[in-house]
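> Structure file entry_12.txt (compact mmCIF, C-alpha atoms) right here:
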# COMPACT_ATOMS: atom_id res chain seq x y z
CA MET O 1 -101.40 76.15 29.92
CA LEU O 2 -97.90 74.93 28.97
CA SER O 3 -98.02 72.24 31.65
CA VAL O 4 -101.41 70.96 30.37
CA SER O 5 -100.07 70.80 26.78
CA LEU O 6 -96.91 69.02 27.92
CA PHE O 7 -98.97 66.54 29.96
CA LEU O 8 -101.28 65.76 27.00
CA THR O 9 -98.29 65.35 24.67
CA LEU O 10 -96.59 62.94 27.09
CA LEU O 11 -99.86 61.06 27.59
CA SER O 12 -100.29 60.73 23.80
CA ILE O 13 -96.74 59.41 23.42
CA GLN O 14 -97.32 56.90 26.22
CA LEU O 15 -100.56 55.66 24.62
CA ILE O 16 -98.84 55.21 21.25
CA GLN O 17 -95.76 53.46 22.66
CA GLY O 18 -97.45 51.63 25.51
CA HIS O 19 -99.57 49.12 23.60
CA ALA O 20 -99.68 45.59 24.98
CA GLU O 21 -96.75 43.42 23.93
CA LEU O 22 -97.98 39.88 23.52
CA THR O 23 -95.78 36.92 22.62
CA VAL O 24 -96.29 33.20 22.24
CA ALA O 25 -93.49 30.70 22.96
CA LYS O 26 -91.44 29.97 19.82
CA LEU O 27 -92.64 26.36 19.61
CA PHE O 28 -96.18 27.61 18.91
CA SER O 29 -96.61 28.90 15.36
CA SER O 30 -98.71 28.49 12.25
CA ARG O 31 -98.81 24.91 10.86
CA MET O 32 -98.07 23.42 14.30
CA VAL O 33 -99.54 20.23 15.74
CA LEU O 34 -101.12 20.16 19.20
CA GLN O 35 -101.98 17.01 21.14
CA GLU O 36 -105.42 15.60 20.34
CA ALA O 37 -108.24 14.60 22.71
CA PRO O 38 -108.59 13.26 25.30
CA ALA O 39 -105.60 15.43 26.33
CA ALA O 40 -106.04 19.17 26.69
CA ALA O 41 -103.23 21.09 24.96
CA THR O 42 -101.62 24.04 26.74
CA ILE O 43 -100.06 27.02 25.00
CA PHE O 44 -98.19 29.87 26.70
CA GLY O 45 -96.24 33.07 26.25
CA THR O 46 -95.66 36.50 27.75
CA TYR O 47 -97.76 39.66 27.98
CA THR O 48 -97.57 43.18 29.33
CA GLU O 49 -101.28 43.91 29.65
CA GLY O 50 -104.11 41.53 30.45
CA PRO O 51 -106.48 39.93 30.00
CA VAL O 52 -105.21 37.36 27.47
CA THR O 53 -107.84 35.48 25.44
CA VAL O 54 -107.22 32.48 23.17
CA THR O 55 -109.84 31.77 20.50
CA LEU O 56 -110.01 28.60 18.38
CA SER O 57 -111.83 29.01 15.05
CA PHE O 58 -112.94 25.85 13.22
CA GLU O 59 -114.52 26.07 9.79
CA GLY O 60 -118.31 25.95 10.02
CA GLN O 61 -118.39 26.10 13.84
CA GLU O 62 -118.77 28.76 16.50
CA PRO O 63 -115.39 29.96 17.81
CA ILE O 64 -114.28 28.68 21.22
CA SER O 65 -112.63 31.23 23.55
CA VAL O 66 -110.53 30.51 26.63
CA GLU O 67 -109.33 33.08 29.15
CA ALA O 68 -105.63 32.51 29.88
CA ASN O 69 -104.18 32.18 33.36
CA LEU O 70 -101.92 35.16 34.13
CA ASP O 71 -98.74 35.21 36.21
CA LYS O 72 -98.68 38.92 36.97
CA GLU O 73 -95.28 38.75 38.64
CA LYS O 74 -93.42 37.15 35.70
CA LEU O 75 -95.81 38.57 33.03
CA ARG O 76 -96.44 35.11 31.61
CA TRP O 77 -99.70 33.58 30.46
CA ASN O 78 -100.87 30.03 29.75
CA ALA O 79 -104.11 28.71 28.36
CA VAL O 80 -105.44 25.17 28.63
CA LEU O 81 -107.42 24.48 25.47
CA PRO O 82 -110.45 22.21 25.41
CA PRO O 83 -109.70 18.70 24.08
CA VAL O 84 -109.97 18.60 20.27
CA SER O 85 -110.38 15.44 18.18
CA SER O 86 -107.66 14.14 15.86
CA GLY O 87 -107.43 15.55 12.36
CA SER O 88 -109.20 18.77 13.29
CA SER O 89 -107.69 21.95 11.87
CA CYS O 90 -108.24 25.49 13.11
CA ASN O 91 -106.85 28.99 13.41
CA ILE O 92 -105.90 30.22 16.87
CA SER O 93 -106.15 33.90 17.74
CA ILE O 94 -104.44 35.17 20.89
CA SER O 95 -105.25 38.68 22.07
CA SER O 96 -104.37 40.80 25.07
CA GLY O 97 -104.92 44.24 26.47
CA SER O 98 -107.75 46.68 26.40
CA MET O 99 -109.48 47.84 23.24
CA MET O 100 -107.06 50.75 23.02
CA GLY O 101 -103.64 49.25 22.40
CA ALA O 102 -104.80 45.64 22.09
CA ASP O 103 -102.30 43.18 20.67
CA GLN O 104 -103.09 40.04 18.65
CA ILE O 105 -101.29 36.97 17.28
CA LEU O 106 -102.82 34.67 14.66
CA LEU O 107 -101.68 31.04 14.29
CA GLU O 108 -103.06 29.50 11.11
CA ASN O 109 -103.61 25.92 9.95
CA VAL O 110 -103.11 24.32 13.37
CA LEU O 111 -103.68 20.54 13.43
CA PHE O 112 -104.61 18.32 16.36
CA GLY O 113 -103.16 14.81 16.49
CA ASP O 114 -100.42 12.77 18.14
CA VAL O 115 -97.35 14.76 19.10
CA TRP O 116 -94.03 12.93 19.49
CA PHE O 117 -90.91 14.47 21.00
CA CYS O 118 -87.80 12.57 19.99
CA ALA O 119 -84.45 13.13 21.64
CA GLY O 120 -81.38 11.09 22.32
CA GLN O 121 -77.99 10.44 20.90
CA SER O 122 -76.63 11.69 17.59
CA ASN O 123 -78.59 9.13 15.54
CA MET O 124 -81.80 11.00 16.46
CA GLY O 125 -80.66 13.64 13.98
CA TRP O 126 -80.37 11.26 11.04
CA THR O 127 -82.51 11.75 7.98
CA LEU O 128 -84.32 8.86 6.28
CA GLY O 129 -81.26 8.53 4.05
CA GLY O 130 -79.39 7.21 7.09
CA THR O 131 -81.68 4.19 7.58
CA GLU O 132 -80.97 0.67 6.31
CA ASN O 133 -84.02 0.40 4.04
CA ASN O 134 -84.29 4.10 3.19
CA THR O 135 -85.83 3.75 -0.29
CA GLU O 136 -88.67 1.60 1.03
CA GLU O 137 -89.22 3.83 4.08
CA MET O 138 -89.34 7.00 1.96
CA GLU O 139 -91.89 5.40 -0.38
CA ASN O 140 -94.06 4.26 2.56
CA ALA O 141 -93.83 7.68 4.23
CA LYS O 142 -95.57 9.40 1.30
CA ALA O 143 -98.88 8.00 2.55
CA TYR O 144 -98.72 10.20 5.67
CA GLU O 145 -99.78 13.63 4.43
CA ASN O 146 -100.38 15.31 7.80
CA ILE O 147 -96.98 14.70 9.37
CA ARG O 148 -95.31 17.91 10.46
CA MET O 149 -91.81 18.32 11.83
CA TYR O 150 -90.20 20.80 14.17
CA ARG O 151 -86.45 20.40 14.47
CA ILE O 152 -84.63 22.00 17.38
CA ASP O 153 -80.85 22.28 17.41
CA ASP O 154 -78.90 21.32 20.51
CA GLN O 155 -79.40 23.98 23.17
CA PRO O 156 -77.59 22.74 26.26
CA ASN O 157 -78.35 24.59 29.48
CA SER O 158 -77.94 23.66 33.11
CA GLU O 159 -81.23 25.36 34.08
CA PRO O 160 -84.78 24.74 32.83
CA GLN O 161 -85.75 27.20 30.07
CA TYR O 162 -89.13 28.86 29.59
CA ASP O 163 -88.75 29.03 25.80
CA ILE O 164 -86.62 27.73 22.94
CA GLN O 165 -83.63 29.99 22.33
CA GLU O 166 -83.50 29.77 18.53
CA VAL O 167 -85.85 28.68 15.77
CA ARG O 168 -84.67 27.75 12.26
CA ASN O 169 -87.79 27.17 10.20
CA GLY O 170 -90.65 26.43 12.57
CA TRP O 171 -93.16 23.73 11.70
CA LEU O 172 -92.57 22.10 8.31
CA SER O 173 -94.98 19.87 6.41
CA TRP O 174 -93.79 16.42 5.39
CA ASN O 175 -94.79 16.93 1.75
CA SER O 176 -92.26 14.78 -0.02
CA PRO O 177 -90.06 12.61 2.17
CA SER O 178 -86.50 12.43 0.95
CA SER O 179 -83.15 11.29 2.18
CA GLU O 180 -82.36 14.79 3.45
CA TRP O 181 -83.95 17.41 5.70
CA PRO O 182 -86.00 20.04 3.86
CA GLU O 183 -83.90 22.85 2.45
CA GLY O 184 -82.61 25.24 5.10
CA THR O 185 -83.07 22.89 8.07
CA GLN O 186 -79.68 21.20 8.12
Rewrite the structure from the file as structure tokens, please.

Amino acid sequence: MLSVSLFLTLLSIQLIQGHAELTVAKLFSSRMVLQEAPAAATIFGTYTEGPVTVTLSFEGQEPISVEANLDKEKLRWNAVLPPVSSGSSCNISISSGSMMGADQILLENVLFGDVWFCAGQSNMGWTLGGTENNTEEMENAKAYENIRMYRIDDQPNSEPQYDIQEVRNGWLSWNSPSSEWPEGTQ
């Protein structure tokens, strides 16, 4: 009888502690921008228990679900999303595991549009205040309400990386262009 009680106690502890651990790469967060149609955006992360399902929810439309591809050896997942037209906004729900111990991540206010990655020499880190006609450029920039920025600090590495090592503030809206980076991003 003692062995049955011990077994049930250990099983209960395992069920409580052993829920699926689901992550999404640090670049993917609420308020992000994904590439618009005709391209199909891909998002990815890690998991401990499959399957992994990604669901896009657009206001007034039926949700669209995609089953992620699983790399069972490295415990990584990736999902290729259907092409979405520019200016569309949605919430993305990512879930994994069985009903008991399922894990879920919610990314809110995700836009689809053009995504630009800028890199280069030190001048790539300048703010608008560092440009020749900064007053004019800042005034003109106010017309672009859906611009979002994601600034990554230098992270030199001699090997390709699966994920960003550090995130400061995530995706920031370009609400009021100024000569400086938004507070906390310098």
> Around the point (-105.8, 38.4, 27.0) in the file's coordinates, collect all residues with an atom within 8 Å, using all atoms listed in the file, and return them as a list of chain:residue names.
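Residues found, by chain and rising number: O:Glu49, O:Gly50, O:Pro51, O:Val52, O:Thr53, O:Val54, O:Glu67, O:Ala68, O:Ile94, O:Ser95, O:Ser96, O:Gly97.
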> Show me, as a list in words, the residues that have an atom within 10 Å of Gln165 of chain O when counting only C-alpha atoms, minus same-chain residues fewer than 6 positions from it.
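The residues that qualify are Ala25, Lys26, Ile152, Asp153 and Gln155 of chain O.
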> Interatomic distance between atom CA of Phe117 of chain O and atom CA of Ser158 of chain O?
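Value for the atom CA of Phe117 of chain O-atom CA of Ser158 of chain O distance: 20.0 Å.
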> Please return as JSON, numbers by chain every residue within 8 Å of (-99.9, 30.3, 29.9), taking into account all atoms listed in the file and the file's own coordinates.
{"O": [42, 43, 44, 45, 46, 68, 69, 70, 76, 77, 78, 79, 80]}
> For those residues, write C-alpha atoms to a file as a PDB file, in the frame of the given file.

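Written out: selection16.pdb:
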ATOM      1  CA  THR O  42    -101.620  24.040  26.740  1.00  0.00           C
ATOM      2  CA  ILE O  43    -100.060  27.020  25.000  1.00  0.00           C
ATOM      3  CA  PHE O  44     -98.190  29.870  26.700  1.00  0.00           C
ATOM      4  CA  GLY O  45     -96.240  33.070  26.250  1.00  0.00           C
ATOM      5  CA  THR O  46     -95.660  36.500  27.750  1.00  0.00           C
ATOM      6  CA  ALA O  68    -105.630  32.510  29.880  1.00  0.00           C
ATOM      7  CA  ASN O  69    -104.180  32.180  33.360  1.00  0.00           C
ATOM      8  CA  LEU O  70    -101.920  35.160  34.130  1.00  0.00           C
ATOM      9  CA  ARG O  76     -96.440  35.110  31.610  1.00  0.00           C
ATOM     10  CA  TRP O  77     -99.700  33.580  30.460  1.00  0.00           C
ATOM     11  CA  ASN O  78    -100.870  30.030  29.750  1.00  0.00           C
ATOM     12  CA  ALA O  79    -104.110  28.710  28.360  1.00  0.00           C
ATOM     13  CA  VAL O  80    -105.440  25.170  28.630  1.00  0.00           C
TER      14      VAL O  80
END
> At what distance in Å, to one decimal, does atom CA of Met32 of chain O lie from atom CA of Met149 of chain O?
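Separation between atom CA of Met149 of chain O and atom CA of Met32 of chain O: 8.4 Å.
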> Work out how far atom CA of Leu172 of chain O is from atom CA of Lys142 of chain O, in Å to one decimal.
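So the answer is 14.8 Å.
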> Find the residues near Ser30 of chain O: any atom within 8 Å, counting all atoms listed in the file, skip ones fewer than 5 places away on the same chain, and give them as a compact mmCIF listing (two decimals) with C-alpha atoms, in the coordinates of the input.

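Written output follows (out_26.txt):
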# COMPACT_ATOMS: atom_id res chain seq x y z
CA LEU O 106 -102.82 34.67 14.66
CA LEU O 107 -101.68 31.04 14.29
CA GLU O 108 -103.06 29.50 11.11
CA ASN O 109 -103.61 25.92 9.95
CA VAL O 110 -103.11 24.32 13.37
CA TRP O 171 -93.16 23.73 11.70
> Measuring between only C-alpha atoms, which one of O:Ser29, O:Asn169, O:Gln161, O:Thr127 shows the shortest distance to Ser93 of chain O?
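Using only C-alpha atoms, the shortest distance to Ser93 of chain O belongs to O:Ser29.
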> Might you pull out every residue within 9 Å of Ser85 of chain O, with only C-alpha atoms counted and same-chain residues fewer than 2 positions away left off, and present them as a PDB file with C-alpha atoms, keeping the file's coordinate frame?

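Writing the result to out.pdb gives the following:
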ATOM      1  CA  GLU O  36    -105.420  15.600  20.340  1.00  0.00           C
ATOM      2  CA  ALA O  37    -108.240  14.600  22.710  1.00  0.00           C
ATOM      3  CA  PRO O  38    -108.590  13.260  25.300  1.00  0.00           C
ATOM      4  CA  PRO O  83    -109.700  18.700  24.080  1.00  0.00           C
ATOM      5  CA  GLY O  87    -107.430  15.550  12.360  1.00  0.00           C
ATOM      6  CA  SER O  88    -109.200  18.770  13.290  1.00  0.00           C
ATOM      7  CA  PHE O 112    -104.610  18.320  16.360  1.00  0.00           C
ATOM      8  CA  GLY O 113    -103.160  14.810  16.490  1.00  0.00           C
TER       9      GLY O 113
END
> Pick the closest to Met124 of chain O from O:Arg151, O:Gly60, O:Ala143, O:Pro160: which is it, counting only C-alpha atoms?
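Of O:Arg151, O:Gly60, O:Ala143, O:Pro160, the one nearest Met124 of chain O is O:Arg151, counting only C-alpha atoms.
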